[in-house]
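Colleague: Structure file protein-v5.tsv (TSV, C-alpha atoms) right here:
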```
chain	number	residue	atom	x	y	z
A	526	MET	CA	133.03	174.39	92.85
A	527	VAL	CA	132.02	177.98	93.70
A	528	ALA	CA	132.94	177.47	97.36
A	529	SER	CA	136.37	176.09	96.44
A	530	VAL	CA	137.08	179.02	94.09
A	531	LEU	CA	136.02	181.49	96.76
A	532	HIS	CA	138.16	179.71	99.36
A	533	PHE	CA	141.14	179.84	96.97
A	534	ILE	CA	140.74	183.60	96.44
A	535	ILE	CA	140.41	184.39	100.14
A	536	HIS	CA	143.32	182.06	100.94
A	537	ILE	CA	145.55	183.88	98.43
A	538	ILE	CA	144.63	187.31	99.83
A	539	ASP	CA	145.02	186.19	103.47
A	540	HIS	CA	148.40	184.50	103.02
A	541	LEU	CA	150.08	186.56	100.28
A	542	GLY	CA	148.63	190.02	100.94
A	543	TYR	CA	149.57	192.53	98.25
A	544	ILE	CA	151.39	189.87	96.22
A	545	GLY	CA	148.18	187.85	96.27
A	546	ILE	CA	146.21	190.86	95.04
A	547	PHE	CA	148.73	191.32	92.22
A	548	ILE	CA	148.50	187.64	91.20
A	549	LEU	CA	144.70	187.53	91.31
A	550	MET	CA	144.32	190.75	89.29
A	551	ALA	CA	146.85	189.47	86.75
A	552	ILE	CA	144.73	186.32	86.41
A	553	GLU	CA	141.59	188.47	86.13
A	554	SER	CA	143.11	190.46	83.29
A	555	SER	CA	144.25	187.42	81.32
A	556	PHE	CA	142.27	184.57	79.75
A	557	ILE	CA	140.82	183.25	83.02
A	558	PRO	CA	137.44	184.92	83.77
A	559	LEU	CA	138.02	185.75	87.44
A	560	PRO	CA	135.72	188.63	88.47
A	561	SER	CA	137.70	191.59	89.78
A	562	GLU	CA	134.79	192.36	92.13
A	563	VAL	CA	135.64	189.23	94.12
A	564	VAL	CA	139.21	190.46	94.61
A	565	MET	CA	139.15	194.23	95.00
A	566	ILE	CA	135.90	194.75	96.95
A	567	PRO	CA	136.96	192.41	99.80
A	568	ALA	CA	140.43	194.00	99.64
A	569	GLY	CA	138.82	197.43	100.08
A	570	TYR	CA	136.94	196.04	103.08
A	571	LEU	CA	140.27	194.87	104.52
A	572	ALA	CA	141.65	198.37	103.96
A	573	TYR	CA	138.80	199.74	106.08
A	574	GLN	CA	139.72	197.26	108.81
A	575	GLY	CA	143.28	198.56	108.72
A	576	GLU	CA	144.77	195.32	107.41
A	577	MET	CA	145.83	196.88	104.10
A	578	SER	CA	146.93	200.32	102.90
A	579	MET	CA	144.48	201.73	100.35
A	580	PRO	CA	147.12	203.60	98.23
A	581	ILE	CA	149.32	200.49	97.99
A	582	LEU	CA	146.26	198.35	97.29
A	583	LEU	CA	145.21	200.55	94.36
A	584	ILE	CA	148.67	200.58	92.78
A	585	VAL	CA	149.19	196.83	93.21
A	586	GLY	CA	145.74	196.02	91.81
A	587	ALA	CA	146.29	198.20	88.73
A	588	LEU	CA	149.80	196.79	88.16
A	589	GLY	CA	148.41	193.26	88.39
A	590	SER	CA	145.80	194.11	85.74
A	591	LEU	CA	148.50	195.58	83.51
A	592	PHE	CA	150.72	192.52	83.90
A	593	GLY	CA	147.89	190.14	82.95
A	594	ALA	CA	146.94	192.32	79.99
A	595	LEU	CA	150.55	192.38	78.80
A	596	ILE	CA	150.60	188.58	78.70
A	597	ASN	CA	147.64	188.58	76.31
A	598	TYR	CA	149.12	191.47	74.34
A	599	TYR	CA	152.47	189.71	73.92
A	600	ILE	CA	150.88	186.42	72.82
A	601	ALA	CA	148.79	188.19	70.19
A	602	PHE	CA	151.70	190.46	69.15
A	603	LYS	CA	154.13	187.57	68.79
A	604	PHE	CA	151.95	184.81	67.37
A	605	GLY	CA	148.57	186.34	66.52
A	606	ARG	CA	149.28	187.56	63.01
A	607	PHE	CA	150.82	184.25	61.97
A	608	LEU	CA	147.91	182.27	63.43
A	609	VAL	CA	145.28	184.50	61.80
A	610	LEU	CA	146.92	184.40	58.37
A	611	LYS	CA	147.47	180.63	58.50
A	612	TYR	CA	144.41	179.36	60.34
A	613	GLY	CA	141.99	182.29	60.46
A	614	LYS	CA	140.03	181.07	57.44
A	615	TYR	CA	138.92	178.03	59.44
A	616	VAL	CA	137.18	180.24	62.02
A	617	LEU	CA	135.95	182.82	59.49
A	618	ILE	CA	138.69	185.38	60.21
A	619	LYS	CA	140.07	186.77	56.97
A	620	GLU	CA	143.20	188.82	56.31
A	621	SER	CA	140.92	191.77	55.50
A	622	THR	CA	139.50	191.52	59.03
A	623	LEU	CA	143.03	191.71	60.41
A	624	ILE	CA	143.72	194.83	58.36
A	625	LYS	CA	140.48	196.46	59.57
A	626	THR	CA	141.44	195.65	63.16
A	627	GLU	CA	144.82	197.31	62.68
A	628	VAL	CA	143.24	200.41	61.14
A	629	PHE	CA	140.66	200.62	63.95
A	630	PHE	CA	143.34	200.45	66.65
A	631	GLN	CA	145.41	203.07	64.87
A	632	LYS	CA	142.43	205.43	65.07
A	633	TYR	CA	140.66	204.51	68.31
A	634	GLY	CA	142.95	202.07	70.11
A	635	SER	CA	143.64	204.30	73.11
A	636	VAL	CA	139.96	205.00	73.80
A	637	SER	CA	139.04	201.34	73.26
A	638	ILE	CA	141.68	200.06	75.69
A	639	PHE	CA	140.64	202.55	78.35
A	640	VAL	CA	136.88	201.97	78.07
A	641	ALA	CA	137.29	198.17	77.92
A	642	ARG	CA	138.81	198.07	81.41
A	643	PHE	CA	135.33	198.85	82.79
A	644	LEU	CA	133.37	196.32	80.74
A	645	PRO	CA	132.82	192.70	81.81
A	646	VAL	CA	134.28	190.05	79.47
A	647	LEU	CA	135.70	192.67	77.10
A	648	ARG	CA	138.38	193.69	79.61
A	649	HIS	CA	139.65	190.09	79.59
A	650	TYR	CA	140.17	190.01	75.83
A	651	ILE	CA	140.75	193.57	74.56
A	652	SER	CA	144.51	193.03	74.84
A	653	LEU	CA	144.38	190.37	72.11
A	654	PRO	CA	143.21	192.62	69.25
A	655	ALA	CA	145.54	195.34	70.57
A	656	GLY	CA	148.51	192.98	70.25
A	657	LEU	CA	147.22	191.63	66.97
A	658	ALA	CA	147.06	195.17	65.58
A	659	ARG	CA	150.56	195.84	67.02
A	660	MET	CA	149.35	198.84	68.99
A	661	SER	CA	152.12	201.02	70.40
A	662	LEU	CA	153.34	199.35	73.60
A	663	TRP	CA	153.65	202.57	75.61
A	664	LYS	CA	150.12	203.62	74.65
A	665	PHE	CA	148.79	200.19	75.50
A	666	CYS	CA	150.49	200.25	78.91
A	667	PHE	CA	149.45	203.81	79.71
A	668	PHE	CA	145.76	203.45	78.89
A	669	THR	CA	145.52	199.94	80.33
A	670	PHE	CA	147.04	201.07	83.63
A	671	PHE	CA	144.98	204.28	83.72
A	672	GLY	CA	141.70	202.45	83.06
A	673	ALA	CA	142.58	199.61	85.42
A	674	PHE	CA	143.55	202.05	88.17
A	675	LEU	CA	140.20	203.85	87.99
A	676	TRP	CA	138.32	200.54	87.94
A	677	VAL	CA	140.29	199.29	90.94
A	678	CYS	CA	139.51	202.57	92.74
A	679	VAL	CA	135.76	202.10	92.16
A	680	LEU	CA	135.77	198.53	93.51
A	681	SER	CA	138.15	199.14	96.41
A	682	TYR	CA	136.37	202.23	97.68
A	683	PHE	CA	133.07	200.40	97.42
A	684	GLY	CA	134.58	197.76	99.70
A	685	TYR	CA	135.75	200.55	102.01
A	686	TYR	CA	132.22	201.98	101.98
A	687	LEU	CA	130.89	198.56	103.01
A	688	GLY	CA	133.21	198.72	105.99
A	689	HIS	CA	131.71	202.04	107.01
A	690	SER	CA	128.14	200.80	106.63
A	691	LEU	CA	128.59	197.27	108.01
A	692	GLY	CA	131.43	197.72	110.48
A	693	ASN	CA	133.89	194.97	111.39
A	694	ILE	CA	131.37	192.32	112.34
A	695	HIS	CA	131.34	190.57	108.96
A	696	SER	CA	134.01	188.39	107.38
A	697	VAL	CA	135.77	188.95	104.08
A	698	ASN	CA	134.41	185.55	103.07
A	699	GLU	CA	130.86	186.83	103.38
A	700	ILE	CA	131.63	189.99	101.39
A	701	ALA	CA	133.31	188.03	98.57
A	702	GLY	CA	130.46	185.52	98.54
A	703	ALA	CA	128.11	188.25	97.33
A	704	PHE	CA	129.80	188.16	93.92
A	705	VAL	CA	130.06	184.44	93.18
A	706	GLY	CA	127.48	181.69	92.94
A	707	SER	CA	123.69	181.93	92.94
A	708	SER	CA	122.92	181.17	96.60
A	709	LYS	CA	123.11	184.34	98.71
A	710	ASP	CA	121.72	185.48	102.04
A	711	SER	CA	119.90	188.79	102.42
A	712	LEU	CA	123.06	190.74	103.27
A	713	GLN	CA	124.93	189.38	100.25
A	714	SER	CA	121.97	190.15	97.98
A	715	SER	CA	121.93	193.71	99.27
A	716	ILE	CA	125.69	194.09	98.73
A	717	LYS	CA	125.41	192.69	95.19
A	718	GLN	CA	122.53	195.07	94.39
A	719	LYS	CA	124.40	198.13	95.66
A	720	ALA	CA	127.56	197.11	93.82
A	721	SER	CA	125.60	196.62	90.59
A	722	LEU	CA	124.14	200.14	90.82
A	723	VAL	CA	127.59	201.64	91.36
A	724	ILE	CA	129.23	199.58	88.62
A	725	TYR	CA	126.49	200.19	86.03
A	726	GLY	CA	126.58	203.89	86.80
A	727	VAL	CA	130.35	204.03	86.31
A	728	ILE	CA	130.10	201.99	83.10
A	729	ALA	CA	127.45	204.35	81.70
A	730	ILE	CA	129.63	207.38	82.46
A	731	ILE	CA	132.73	205.78	80.92
A	732	ILE	CA	130.87	204.76	77.75
A	733	ILE	CA	129.53	208.29	77.34
A	734	VAL	CA	133.03	209.73	77.86
A	735	GLY	CA	134.41	207.19	75.36
A	736	ILE	CA	131.82	208.09	72.72
A	737	VAL	CA	132.35	211.83	73.19
A	738	THR	CA	136.15	211.42	73.06
A	739	THR	CA	135.89	209.32	69.88
A	740	LEU	CA	133.67	211.91	68.21
A	741	ILE	CA	136.09	214.70	69.19
A	742	ILE	CA	139.05	212.76	67.77
A	743	LYS	CA	137.12	212.06	64.56
A	744	TYR	CA	136.08	215.72	64.27
A	745	LYS	CA	139.64	216.98	64.76
A	746	LYS	CA	140.98	214.57	62.13
A	747	THR	CA	138.27	215.63	59.68
A	748	LYS	CA	139.06	219.33	60.25
A	749	LYS	CA	142.77	218.61	59.83
A	750	LEU	CA	142.16	216.90	56.48
A	751	GLU	CA	139.90	219.76	55.36
A	752	SER	CA	142.54	222.36	56.24
A	753	LYS	CA	145.15	220.47	54.20
A	754	ASN	CA	142.84	220.42	51.21
```
Once you've parsed the file, please lay out its structure as structure tokens.
Modeller:
Amino acid sequence: MVASVLHFIIHIIDHLGYIGIFILMAIESSFIPLPSEVVMIPAGYLAYQGEMSMPILLIVGALGSLFGALINYYIAFKFGRFLVLKYGKYVLIKESTLIKTEVFFQKYGSVSIFVARFLPVLRHYISLPAGLARMSLWKFCFFTFFGAFLWVCVLSYFGYYLGHSLGNIHSVNEIAGAFVGSSKDSLQSSIKQKASLVIYGVIAIIIIVGIVTTLIIKYKKTKKLESKN
């Protein structure tokens, strides 16, 4: 199963190029839990080999993420409220929860959307509560694209770094194999370990920035209310 999924991903990238990257990142950003590491790190390695342009790769990857996120956003925006109000009680989701979600996204939606692009699992589903809360479309698009672009940069340049350190003697298949399945050779284990250190470091920085930004927003709103009173 893992081998067939990996073969599918590499086949899409090999035969469709940038369009394949767009499709795979759109899938990654929707309901299907396709790891972006398997797409963008090998793509960055291909950029090192001269088979892809890094600037185009970054834009296409981020646009693919935005497109997939918009699918989730639209589904939740169009049908989410109706489904929650009619069937939410059966899965312990009350109307009050919906209202709290809307209030939360009115206050911290932008920061949440941005930070979520860097977090596993959450980046696949953050678009649903955003659509459910009817978050401003332009804000959703801006912060989704901005967060996705930075995330794509991290993964792609890590793949480019692998090219510098490993050279052209290894296949994209071997690079991608480091991020799927449990059976790995020593090289793949090393790649996975290095990638984990980079990714966890970036996630820690982004979470800190998100917390600080949220506190600043909350402080400014509190001061604004105090000045009115």
Colleague: If we count all atoms listed in the file and set the cut-off at 8 Å, which residues sit around Tyr650 in chain A, ignoring sequence neighbours fewer than 4 positions away in its own chain? Please answer as a ChimeraX atom specification.
Modeller: /A:555-556,597,646,654
Colleague: Using only C-alpha atoms, which of the listed residues (A:Ile584, A:Val727, A:Ile596, A:Ile741) sits closest to Phe547 in chain A?
Modeller: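 So, comparing all the options, the nearest one is A:Ile584.
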Colleague: If you measure from CA of Ile544 in chain A to CA of Glu576 in chain A, what distance in Å do you get, rounded to one decimal?
Modeller: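 Spanning CA of Ile544 in chain A to CA of Glu576 in chain A is a straight-line distance of 14.1 Å.
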Colleague: Leaving out Val737 in chain A and any residue of its chain fewer than 6 positions from it, which residues lie within 12 Å of it when counting all atoms listed in the file, given as a list in words?
Modeller: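 With the cut-off at 12 Å, the set is Val636, Val640, Ile730, Ile731, Lys743 and Tyr744 of chain A.
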Colleague: Take CA of Val563 in chain A and CA of Phe704 in chain A and report the distance between them in Å, one decimal.
Modeller: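 That distance, rounded to one decimal, is 5.9 Å.
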Colleague: Residues at most 9 Å from Leu583 in chain A, counting only C-alpha atoms, excluding those fewer than 2 positions away in the same chain, as a PyMOL selection string?
Modeller: chain A and resi 565+578-581+585-588+674-675+677-678+681
Colleague: Identify, on the basis of only C-alpha atoms, every residue whose closest approach to Gly545 in chain A does not exceed 10 Å; exclude the query and any residue fewer than 2 positions from it along the same chain; express the result as a list of chain:residue names.
Modeller: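 That gives A:Ile534, A:Ile535, A:His536, A:Ile537, A:Ile538, A:Asp539, A:His540, A:Leu541, A:Gly542, A:Tyr543, A:Phe547, A:Ile548, A:Leu549, A:Met550, A:Ala551, A:Val564, A:Val585, A:Gly586, A:Gly589.
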Colleague: As an exercise, work out the distance from CA of Leu662 in chain A to CA of Phe592 in chain A in Å and give it to one decimal place.
Modeller: 12.6 Å
Colleague: With distances taken over only C-alpha atoms, which of A:Gly684, A:Gly735, A:Gly672, A:Gly593 is nearest to Lys717 in chain A?
Modeller: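 Answer, going by the shortest atom-to-atom distance: A:Gly684.
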Colleague: Select, from A:Phe665, A:Tyr570, A:Phe643, A:Phe671, the residue with the minimum atom-to-atom distance to Phe602 in chain A, counting only C-alpha atoms.
Modeller: A:Phe665
Colleague: With all atoms listed in the file as the basis for distance, which of A:Ile546, A:Ala572, A:Ala703, A:Leu680 is at the shortest distance from Ile716 in chain A?
Modeller: A:Ala703
Colleague: Looking at only C-alpha atoms, which of A:Tyr599, A:Leu691, A:Glu562, A:Glu699 is the one that sits closest to Ala658 in chain A?
Modeller: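 Nearest to Ala658 in chain A: A:Tyr599.
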Colleague: Determine the nearest neighbour of Ala641 in chain A from the options A:Phe667, A:Phe604, A:Tyr685, A:Trp676, counting only C-alpha atoms.
Modeller: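 Selected residue with least distance to Ala641 in chain A: A:Trp676.
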